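*Asks:* Below: one structure in structure tokens.
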Protein chains: 6
Amino acid sequence: MAKRVVTLGEIMLRLSTPDHKRILQSESFDVHYGGGEANVAIAVSNYGLQGVFVSKLPENPIGQSAVNHLRKFGVETNHILRGGDRMGVYYVESGASIRSSQVVYDRKDSSFAKANANEFDFEKILEGADWFHVSGITPAISKEAASMAESALKIAKSKGITTSFDLNIRKKMWTADQAAPVITSLWKYVDVAIGLEKDFFAALGHPLGDFDYAGKSNVKTFEDAIHQLQSRFGFKYFASTIRMNQSASYNELAGFISDGKQFHVTKKYDLHIVDRVGSGDSFASGLIYGLIAGKSMQDAAEFGVAASALKHTFPGDTNYATIQEIESLIHSGVGANVQR
Amino acid sequence: MAKRVVTLGEIMLRLSTPDHKRILQSESFDVHYGGGEANVAIAVSNYGLQGVFVSKLPENPIGQSAVNHLRKFGVETNHILRGGDRMGVYYVESGASIRSSQVVYDRKDSSFAKANANEFDFEKILEGADWFHVSGITPAISKEAASMAESALKIAKSKGITTSFDLNIRKKMWTADQAAPVITSLWKYVDVAIGLEKDFFAALGHPLGDFDYAGKSNVKTFEDAIHQLQSRFGFKYFASTIRMNQSASYNELAGFISDGKQFHVTKKYDLHIVDRVGSGDSFASGLIYGLIAGKSMQDAAEFGVAASALKHTFPGDTNYATIQEIESLIHSGVGANVQR
Amino acid sequence: MAKRVVTLGEIMLRLSTPDHKRILQSESFDVHYGGGEANVAIAVSNYGLQGVFVSKLPENPIGQSAVNHLRKFGVETNHILRGGDRMGVYYVESGASIRSSQVVYDRKDSSFAKANANEFDFEKILEGADWFHVSGITPAISKEAASMAESALKIAKSKGITTSFDLNIRKKMWTADQAAPVITSLWKYVDVAIGLEKDFFAALGHPLGDFDYAGKSNVKTFEDAIHQLQSRFGFKYFASTIRMNQSASYNELAGFISDGKQFHVTKKYDLHIVDRVGSGDSFASGLIYGLIAGKSMQDAAEFGVAASALKHTFPGDTNYATIQEIESLIHSGVGANVQR
Amino acid sequence: MAKRVVTLGEIMLRLSTPDHKRILQSESFDVHYGGGEANVAIAVSNYGLQGVFVSKLPENPIGQSAVNHLRKFGVETNHILRGGDRMGVYYVESGASIRSSQVVYDRKDSSFAKANANEFDFEKILEGADWFHVSGITPAISKEAASMAESALKIAKSKGITTSFDLNIRKKMWTADQAAPVITSLWKYVDVAIGLEKDFFAALGHPLGDFDYAGKSNVKTFEDAIHQLQSRFGFKYFASTIRMNQSASYNELAGFISDGKQFHVTKKYDLHIVDRVGSGDSFASGLIYGLIAGKSMQDAAEFGVAASALKHTFPGDTNYATIQEIESLIHSGVGANVQR
Amino acid sequence: MAKRVVTLGEIMLRLSTPDHKRILQSESFDVHYGGGEANVAIAVSNYGLQGVFVSKLPENPIGQSAVNHLRKFGVETNHILRGGDRMGVYYVESGASIRSSQVVYDRKDSSFAKANANEFDFEKILEGADWFHVSGITPAISKEAASMAESALKIAKSKGITTSFDLNIRKKMWTADQAAPVITSLWKYVDVAIGLEKDFFAALGHPLGDFDYAGKSNVKTFEDAIHQLQSRFGFKYFASTIRMNQSASYNELAGFISDGKQFHVTKKYDLHIVDRVGSGDSFASGLIYGLIAGKSMQDAAEFGVAASALKHTFPGDTNYATIQEIESLIHSGVGANVQR
Amino acid sequence: MAKRVVTLGEIMLRLSTPDHKRILQSESFDVHYGGGEANVAIAVSNYGLQGVFVSKLPENPIGQSAVNHLRKFGVETNHILRGGDRMGVYYVESGASIRSSQVVYDRKDSSFAKANANEFDFEKILEGADWFHVSGITPAISKEAASMAESALKIAKSKGITTSFDLNIRKKMWTADQAAPVITSLWKYVDVAIGLEKDFFAALGHPLGDFDYAGKSNVKTFEDAIHQLQSRFGFKYFASTIRMNQSASYNELAGFISDGKQFHVTKKYDLHIVDRVGSGDSFASGLIYGLIAGKSMQDAAEFGVAASALKHTFPGDTNYATIQEIESLIHSGVGANVQR
């Protein structure tokens, strides 16, 4: 029977302008449904695990469409409560070249944001679970959501369920000062910490110096800092993507993982970007899958980075890459030939 | 110089499913911008008057798109305040045949709903205006919006500006009990009352008996009731469309107007519906134009009904009919020939 | 726990030309996934029952897309085998007015058509089922498929599971002579027979005389014939839609049901057609739901016909109508008002 | 070997707004290529004759696209000259219901309009031809085009080739006074005259009284007038569609044909209109095919009217109906069943 | 009150093939409205200045659509005359990689081309103007248009209004020999000269030697030549983009400005091109804005080049970049992060 | 009179996902018609030769659409037999960056695959032909198709018609072991051999060592091997593209040609890929055109490679490049300027 990966968070209606159009010139929006933890639940289901998504959605066709999107990939949706006023919406204007992609959030007062923490019975929800995942977006949504995240992490921990946390700082949702105490208080329940190291250190008030992967400068210092972070909070693994930004159209993507002792940097991919949104979630879900599947920490990180790399080629938040495609990318590299 | 028609209300982002699709099956939404009073401001500008739209919109690309939509038709947008959190959204699922069109509102806490009545200086806004128009949707939005509507109507009245009010009861926005006291308190400032007579009487707690235009039964009783309503509230004109619903695809549409003495029923049009939303606003704007242009009350009502009839053939809230097309429909009837 | 409705058949990729275009002028095809019994599994799941679809699909992205489409609505897909060469395809050219819709089948040698009857363990598949449904399309696909249909019906019958059979004669799939012996041999296992009465009698070699519902001629004779058919094969219920065709754009739709004693003709709906394909399956699934929900035979047939009527307004094979919409259509009639 | 039907005229780029949009709200135009005589050349090729289209088109991709459109259906394009400045364009705004379809012409100074009559060697072009067809649009384009039409008709006549002429008065191209002398001077070369009888009589300065097919009033008078017209100009056949306009969405369509002695009125079709442009050309080409194929004048007219009726169901100018579909419509009537 | 920037020229309907399609394979065209000076009027309005566009457009829906497009951005359209036969059209086939974009013009005999110079009262039009801009396209359109450009420049100069001129040589509109005398005769009225230096020198019959920015060869010579040009014609500023073409998909873009003494080369941007048309106009409008806003000549040129760079990322002629985005690009460089 | 180039093979319906979507997320498919030899017939017709395509297609609208696609470009379709059950279909999922494009074939049992070799009278078909071309796909389709290829090649050879053969190994169609004997047995009839050298040697059981064009290593050895291959099988010319793959979005493309004595490597192009499918066929058709047009072997190969390079910029299988564009690319290189 498939291992159960429970995730908690918000799924939103995403309205994207087509063909690099501005919102100001768009006569139609492409419809997607996405959100950090929902994307993870879908991706792990695509890898053969049983994703379970926990949230609250309104009793209207928009909410039902989000449920249907999750079911399409086999995600279990029994623990999604229905009620409240509205679903969060976010508008995505896909950038190009020197123009950044823009996200306009309209997520305030969503059903999930206004849900009460005690509407969810995490003891029951987490029964039989093998993994629990939440991101730093959830506590940013509302106090109640932060409280849900904490209680779910705590209960998971108490049940011996592996927990992962993807930092995901969103500057349009809260300030660094607002985020720091909330975020850091959750870390004690976390087994696998994911996210940009600088954001972790910023939350602790210790800005990390620049780290130059290419020049190999300060690598030792950097690894030491990560290892200290891990030993302080008890993170079994700390992992992140390394994105060397060039433009809204091109990126180089790699990643690293540390178990507090060893430190592994993955292969690097040169990416021509179709849609970058959701690629961080793809790293998280690939890593989770790798670790559940019993891969070495190196191989799990490679799987996560390759999954994340492939996400950049799919429109929408959802990662459609298969295990076979991800493995093939890791082993054979660039996907240049037509498969026929 | 063009006569100034000032309207006050909310303009929203309308997301419509294409090709009669359900929201549940829609991979894209068509984008329109509309709202009762905004539609009126646009239509009268299309007829050569100077529409002026008063509202509040967020400082983001969605809000700017609404401003741009209004400017496209020459509507004056100087009195639109910018600020607040969000723009109201409504989803429209276009019905067909026996399936009703569905509207899902997500308009709570919009910039306009949360605007403060005293952010608007109606003394100044209404300077030089020839007409002021508001609908029953505006007071339904929030207490502050109701207060804006009242103070705008009061000031308009005091300046001798003609005022019109389109009842537009929206059951998804408030109950009959909530609406009645608010709505009726505005009527003393109204010169031209527009809307379904049964909703007017319902607001007064006097349900009107059924009126059978085809069978001509009770016509006298009906006219008497309208005349009494007018004399009680001092409506110079009372006018409404008469919609004989057949299905979501077909309607028969006529209208009537009364000056408290005379009663005129217009021509009737058989309509195959492309998009019905906004057709009531088209009646209001056609009537306003007709009265401003010095037409007889009969001719003004005929203009309003013909404009409304044509609206059913345009996708979106906006009425693209020209004066010439409306006149031609009134005089020549059905538009069957290809104009080439 | 939801009642289980198991259906057996083929789901195909449907490629439809948009906007009434011919295949000859179409630069794109709209993608749907549908098939008689799959449509039933989806619709009953939409009504809160647990649809279970049994079939065989290829291990490729087209096959997976069909699985995902079913999962989207909560249909159980565990009993869909994967393998074989290809998925059946059918092209639909949507007619209009005096032009019939055209279906071009390319379904030969599909994974399901070439599946072996003994690949399916119906004893296990039907465990805990409350209803089993199959249509006359399945035995038309291949000898093995006919054999599956028979063995599933037989086992269902032996387990006391209610069985339904929708005749669905497809002239492009087999001739009347080929169909008759296969079809009639299945009837002894059937509790609820659905389909055009004339096709039933034709299969028996007894063409039924014309029956004029409007003129009420021969009604008694017709009812007698139906009752005899039922008593001969032991159909608990016999039900069908009555379609009074006018054109590819308009239809009148009603239905009848008989329990061998009573005979009930439903309300009639005037339909403006968006997409007619799948409307027969909607009648079947509505009827099944009604009978499972404990409605009277009259009410079950009314539910089926109203569901079928609403199907004509959705593009694609899938019926998106909700219980509430169907009940509302039955009770309030035409859906002319905008719901806002 | 297929009979050769030569047609002379202009083919234009047609830009149509999608989904009943106004030009004012259209963010894209659908691209079609059409023109009266080009449409005839395509339709007769679809019926197995060899259509030959004679025209002049610019040496640019727009011109080439028109050539490619013709070749797609097997039309011979060797006699299309290339050169000149531009291709004519016309914008079509598809009406609905009470809103007429609008055509905006931008065809002035096209390559064809500015072509010199002696650029075409009609002696050679018409070698081996069985039929020559031109419409009243061609002489309206320019003096040179009128001269081409005359010399082609004259040479065809001298070679014993059957000639047909479709009146097609376009008020946006010329006035009645401009048209009359040009048009009537061509009639002496015409064997088969097609078009609205009232336009024929108007060109002669004898307005024809109203003719009421339904009420059967004045039928005799009408037939007499047609017969006199024929005997005066030597038209072997006079034929026309009879369109009983109801709206831009619905029409009733029939037709008649006269050989100067007998008068035949065809079956009538109730039409729900997808795209009406080109339906007159469809009547002409169906009639031409019928007469070439040796049908009786009645059957040829029935073929023409049924072909024209089917044209109303295809988007674009081109008639995609097959002989089999046309025959089937004539014999079985409305196309209500799905063909599967 | 906003500074007034008046521009004179032609706005055309632009029909673009979607998705890199050829015209030969395009079943639809995307609709844009654009033209050099119209693009400038829109862009400066987007920067908070009052753009005023002067032109002539036909009284038809195509002409009205162009007016509406301008109004959408707040451009003043009172001085657009209405009349004449047609609006210019140009077809754009968007290239890719090694395939150049193709423009097919169909602009002959447009309403603007055939307008009479004395239809425009430039004394009145330029009242209260702060800046007048015209490009080298306008005098290429017709003799009358050249005469308009001259008289507008002359009157602007006499009123002390700053004038700018963007050279914009179009080889498909006129030859170098035709252009030279017309173009150079306008220069005496120009304060700010914009355009490729080699085209300026070519117009004077002094071809400029190659200038290698990368290799820094001949820089001094180049600067001297520019300075001499300026002193000869009295250009206060001379500015241009520097485009280092790589392919239809990629460009490097920089710019320079000279005040006759100093010479400033801007930052360089690596561009992945979405749509390049209109990027020159974006440079001009950014420069104009910068100079009006009181920036240094360096900063104004940087603003122009960054605005131009961003234009390459928007489909259509219109530049949707905001002041904030342009400033941010200048200061932070590549727009790689998602703004959320 | 144009030289006749006869090609034999299968044309299929190609269904492509738009905008880099996966099949799993695609709500519509773009429709193209293509196949190796059909693509060659079209391209040579675009170059002014008379392409003749020989195949078998079903008598249904899908088959007719393929015929119409060929006719559009002037390809002679008289020798396409009609009959059989179905047309082959292939689904193309366009990759991006590190994600390979995927082809899903559904071509089994197509009309062509099941055609009988003796249905084609190649003696007659090849009468008057100047060139015969077939690819390695045709013998892979079925035994009968292999037999057709052989008999056509043999007869062509006997008539002194130049023959070309494009190797085109498709791993999803047959294994190397299945392919080798069939393929190599055809080579004795081939004048111009086209395709990857390593596939030729693999078919002979002699894997060719790696050849490094950039490093210029082993060039002599490579050329010797090619020359030996040519002398063994009597290939007058051996030519191939050289693709230096980087990703699904970028390629470097060059080519070479050998006459058994001389060896010529062409210019290299850096390609940003819109659609790569059909680019090999473009090389073949460009080479064929070059040789027929009497170009030197170097110039013919340059023409082929430039044609192939341009194909990467067109969506669909069809090459829309003109002779002028190809020549211009060869001589001026990258197509960076807008042609206006």
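Ligands are numbered from 1 in the order shown, chains are lettered A, B, ... in the order of the structure tokens, and residues start at 1 in each chain.
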Neighbours of segment 228-230 of chain D within 12 Å (only C-alpha atoms; same-chain residues fewer than 4 positions away dropped), as a PyMOL selection string?
*Replies:* chain D and resi 184+187-188+190-194+197-198+200-204+206+208+221-224+234-239+257-263
*Asks:* Tell me, as a ChimeraX atom specification, which residues lie within 6 Å of segment 269-286 of chain F, counting only C-alpha atoms; anything in the same chain fewer than 5 positions away does not count.
*Replies:* /E:97 /F:36,40,44,249-253,303-305,307-308,311-313,315,317
*Asks:* For the selection you just gave me, I'd like the residues written to a file as a JSON list (two decimals), in the first residue's frame, keeping C-alpha atoms.
*Replies:*
[["chain", "number", "residue", "atom", "x", "y", "z"],
["E", 97, "SER", "CA", 15.72, 32.57, -34.55],
["F", 36, "GLY", "CA", 8.39, 12.21, -44.17],
["F", 40, "VAL", "CA", 9.19, 16.36, -49.17],
["F", 44, "VAL", "CA", 9.67, 20.68, -53.50],
["F", 249, "SER", "CA", 14.94, 24.56, -27.23],
["F", 250, "TYR", "CA", 18.33, 25.09, -28.88],
["F", 251, "ASN", "CA", 20.37, 23.27, -31.49],
["F", 252, "GLU", "CA", 23.30, 23.89, -33.70],
["F", 253, "LEU", "CA", 22.70, 22.60, -37.19],
["F", 303, "PHE", "CA", 20.42, 24.88, -49.59],
["F", 304, "GLY", "CA", 19.26, 21.75, -47.78],
["F", 305, "VAL", "CA", 20.74, 22.77, -44.46],
["F", 307, "ALA", "CA", 15.97, 25.01, -45.56],
["F", 308, "SER", "CA", 16.17, 22.64, -42.63],
["F", 311, "LYS", "CA", 11.93, 24.66, -40.74],
["F", 312, "HIS", "CA", 12.75, 24.82, -37.03],
["F", 313, "THR", "CA", 10.97, 28.18, -36.95],
["F", 315, "PRO", "CA", 4.93, 25.25, -36.28],
["F", 317, "ASP", "CA", 5.61, 19.53, -40.25]]
*Asks:* For chain D, report every residue with an atom at most 12 Å from chain A (counting only C-alpha atoms), formatted as an mmCIF file with C-alpha atoms, in the first residue's frame.
*Replies:*
data_model
loop_
_atom_site.group_PDB
_atom_site.id
_atom_site.type_symbol
_atom_site.label_atom_id
_atom_site.label_comp_id
_atom_site.auth_asym_id
_atom_site.auth_seq_id
_atom_site.Cartn_x
_atom_site.Cartn_y
_atom_site.Cartn_z
ATOM 1 C CA GLN D 25 -14.223 44.575 -29.028
ATOM 2 C CA SER D 26 -12.329 42.044 -31.112
ATOM 3 C CA GLU D 27 -8.763 41.148 -30.162
ATOM 4 C CA SER D 28 -8.471 38.743 -33.066
#
*Asks:* Between atom CA of Tyr289 of chain C and atom CA of Lys268 of chain C, what distance in Å does the model show, to one decimal?
*Replies:* 20.0 Å
*Asks:* Residues near Asn46 of chain E, anyone? I mean within 8 Å using only C-alpha atoms, not counting same-chain ones fewer than 2 positions away, as number ranges by chain.
*Replies:* E: 42-44, 48-49, 73-74, 320, 322
*Asks:* Which of segment 90-276 of chain F counts as strand (DSSP E) under DSSP, as number ranges by chain please?
*Replies:* F: 90-93, 102-106, 131-135, 162-166, 192-194, 237-245, 250-258, 263-265, 269-272
*Asks:* Could you dump the residues just selected with C-alpha atoms as a PDB file, in the first residue's frame?
*Replies:*
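Wrote result.pdb, looks like this:
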ATOM      1  CA  TYR F  90       0.561  10.670 -33.974  1.00  0.00           C
ATOM      2  CA  TYR F  91       0.493  12.827 -30.915  1.00  0.00           C
ATOM      3  CA  VAL F  92       3.298  15.331 -30.416  1.00  0.00           C
ATOM      4  CA  GLU F  93       4.039  16.831 -27.051  1.00  0.00           C
ATOM      5  CA  GLN F 102       7.494  13.103 -27.078  1.00  0.00           C
ATOM      6  CA  VAL F 103       5.808  11.347 -29.957  1.00  0.00           C
ATOM      7  CA  VAL F 104       3.031   8.826 -29.277  1.00  0.00           C
ATOM      8  CA  TYR F 105       2.296   6.806 -32.409  1.00  0.00           C
ATOM      9  CA  ASP F 106      -1.131   5.379 -33.165  1.00  0.00           C
ATOM     10  CA  TRP F 131      13.136  11.984 -59.244  1.00  0.00           C
ATOM     11  CA  PHE F 132      11.841   9.358 -56.844  1.00  0.00           C
ATOM     12  CA  HIS F 133      12.171   9.698 -53.097  1.00  0.00           C
ATOM     13  CA  VAL F 134      11.301   7.398 -50.226  1.00  0.00           C
ATOM     14  CA  SER F 135      12.437   7.222 -46.626  1.00  0.00           C
ATOM     15  CA  THR F 162      17.258   9.628 -59.903  1.00  0.00           C
ATOM     16  CA  THR F 163      16.404   8.042 -56.568  1.00  0.00           C
ATOM     17  CA  SER F 164      16.914   9.289 -53.066  1.00  0.00           C
ATOM     18  CA  PHE F 165      16.500   7.536 -49.764  1.00  0.00           C
ATOM     19  CA  ASP F 166      16.361   9.159 -46.342  1.00  0.00           C
ATOM     20  CA  VAL F 192      21.331   9.867 -53.163  1.00  0.00           C
ATOM     21  CA  ALA F 193      21.621   8.506 -49.643  1.00  0.00           C
ATOM     22  CA  ILE F 194      20.535  10.808 -46.851  1.00  0.00           C
ATOM     23  CA  TYR F 237      25.906  11.385 -53.064  1.00  0.00           C
ATOM     24  CA  PHE F 238      25.822  10.810 -49.342  1.00  0.00           C
ATOM     25  CA  ALA F 239      24.533  13.685 -47.279  1.00  0.00           C
ATOM     26  CA  SER F 240      23.349  14.346 -43.777  1.00  0.00           C
ATOM     27  CA  THR F 241      22.603  17.052 -41.294  1.00  0.00           C
ATOM     28  CA  ILE F 242      24.958  17.363 -38.344  1.00  0.00           C
ATOM     29  CA  ARG F 243      23.005  18.263 -35.257  1.00  0.00           C
ATOM     30  CA  MET F 244      24.867  19.338 -32.191  1.00  0.00           C
ATOM     31  CA  ASN F 245      22.112  18.977 -29.657  1.00  0.00           C
ATOM     32  CA  TYR F 250      18.327  25.088 -28.883  1.00  0.00           C
ATOM     33  CA  ASN F 251      20.367  23.269 -31.492  1.00  0.00           C
ATOM     34  CA  GLU F 252      23.297  23.892 -33.698  1.00  0.00           C
ATOM     35  CA  LEU F 253      22.703  22.600 -37.186  1.00  0.00           C
ATOM     36  CA  ALA F 254      25.083  21.991 -40.047  1.00  0.00           C
ATOM     37  CA  GLY F 255      25.362  19.301 -42.726  1.00  0.00           C
ATOM     38  CA  PHE F 256      27.730  17.560 -45.041  1.00  0.00           C
ATOM     39  CA  ILE F 257      27.727  16.026 -48.485  1.00  0.00           C
ATOM     40  CA  SER F 258      30.114  13.668 -50.155  1.00  0.00           C
ATOM     41  CA  PHE F 263      33.581  16.041 -48.815  1.00  0.00           C
ATOM     42  CA  HIS F 264      31.863  19.327 -47.981  1.00  0.00           C
ATOM     43  CA  VAL F 265      30.741  20.563 -44.569  1.00  0.00           C
ATOM     44  CA  TYR F 269      23.268  27.701 -37.755  1.00  0.00           C
ATOM     45  CA  ASP F 270      22.377  28.398 -34.134  1.00  0.00           C
ATOM     46  CA  LEU F 271      18.720  27.583 -33.760  1.00  0.00           C
ATOM     47  CA  HIS F 272      16.056  28.561 -31.301  1.00  0.00           C
TER      48      HIS F 272
END
*Asks:* Name the residues in contact with Phe112 of chain B at a cut-off of 8 Å, using only C-alpha atoms, excluding same-chain residues fewer than 2 positions from it; report them as a PyMOL selection string.
*Replies:* chain B and resi 9-10+55-57+84+87+109-110+114-115+145
*Asks:* What's the 9 Å shell around Val67 of chain E, counting only C-alpha atoms, without same-chain residues fewer than 2 positions away, as an MDAnalysis selection string?
*Replies:* (chainID B and resid 72) or (chainID E and resid 57 62:65 69:72 77 80)
*Asks:* For Asn118 of chain A, please output as a tab-separated table (two decimals) with N, CA and C atoms, in the first residue's frame all residues within 10 Å (counting only C-alpha atoms; exclusion window: fewer than 5 positions along the same chain).
*Replies:*
chain	number	residue	atom	x	y	z
A	144	GLU	N	-4.73	31.73	12.77
A	144	GLU	CA	-5.32	30.39	12.89
A	144	GLU	C	-4.54	29.39	12.04
A	147	SER	N	-1.47	28.47	13.71
A	147	SER	CA	-1.78	27.56	14.80
A	147	SER	C	-2.04	26.14	14.29
A	148	MET	N	-2.73	26.04	13.14
A	148	MET	CA	-2.93	24.72	12.50
A	148	MET	C	-1.59	24.07	12.18
A	151	SER	N	0.09	22.85	15.34
A	151	SER	CA	-0.49	21.67	15.98
A	151	SER	C	-0.31	20.43	15.10
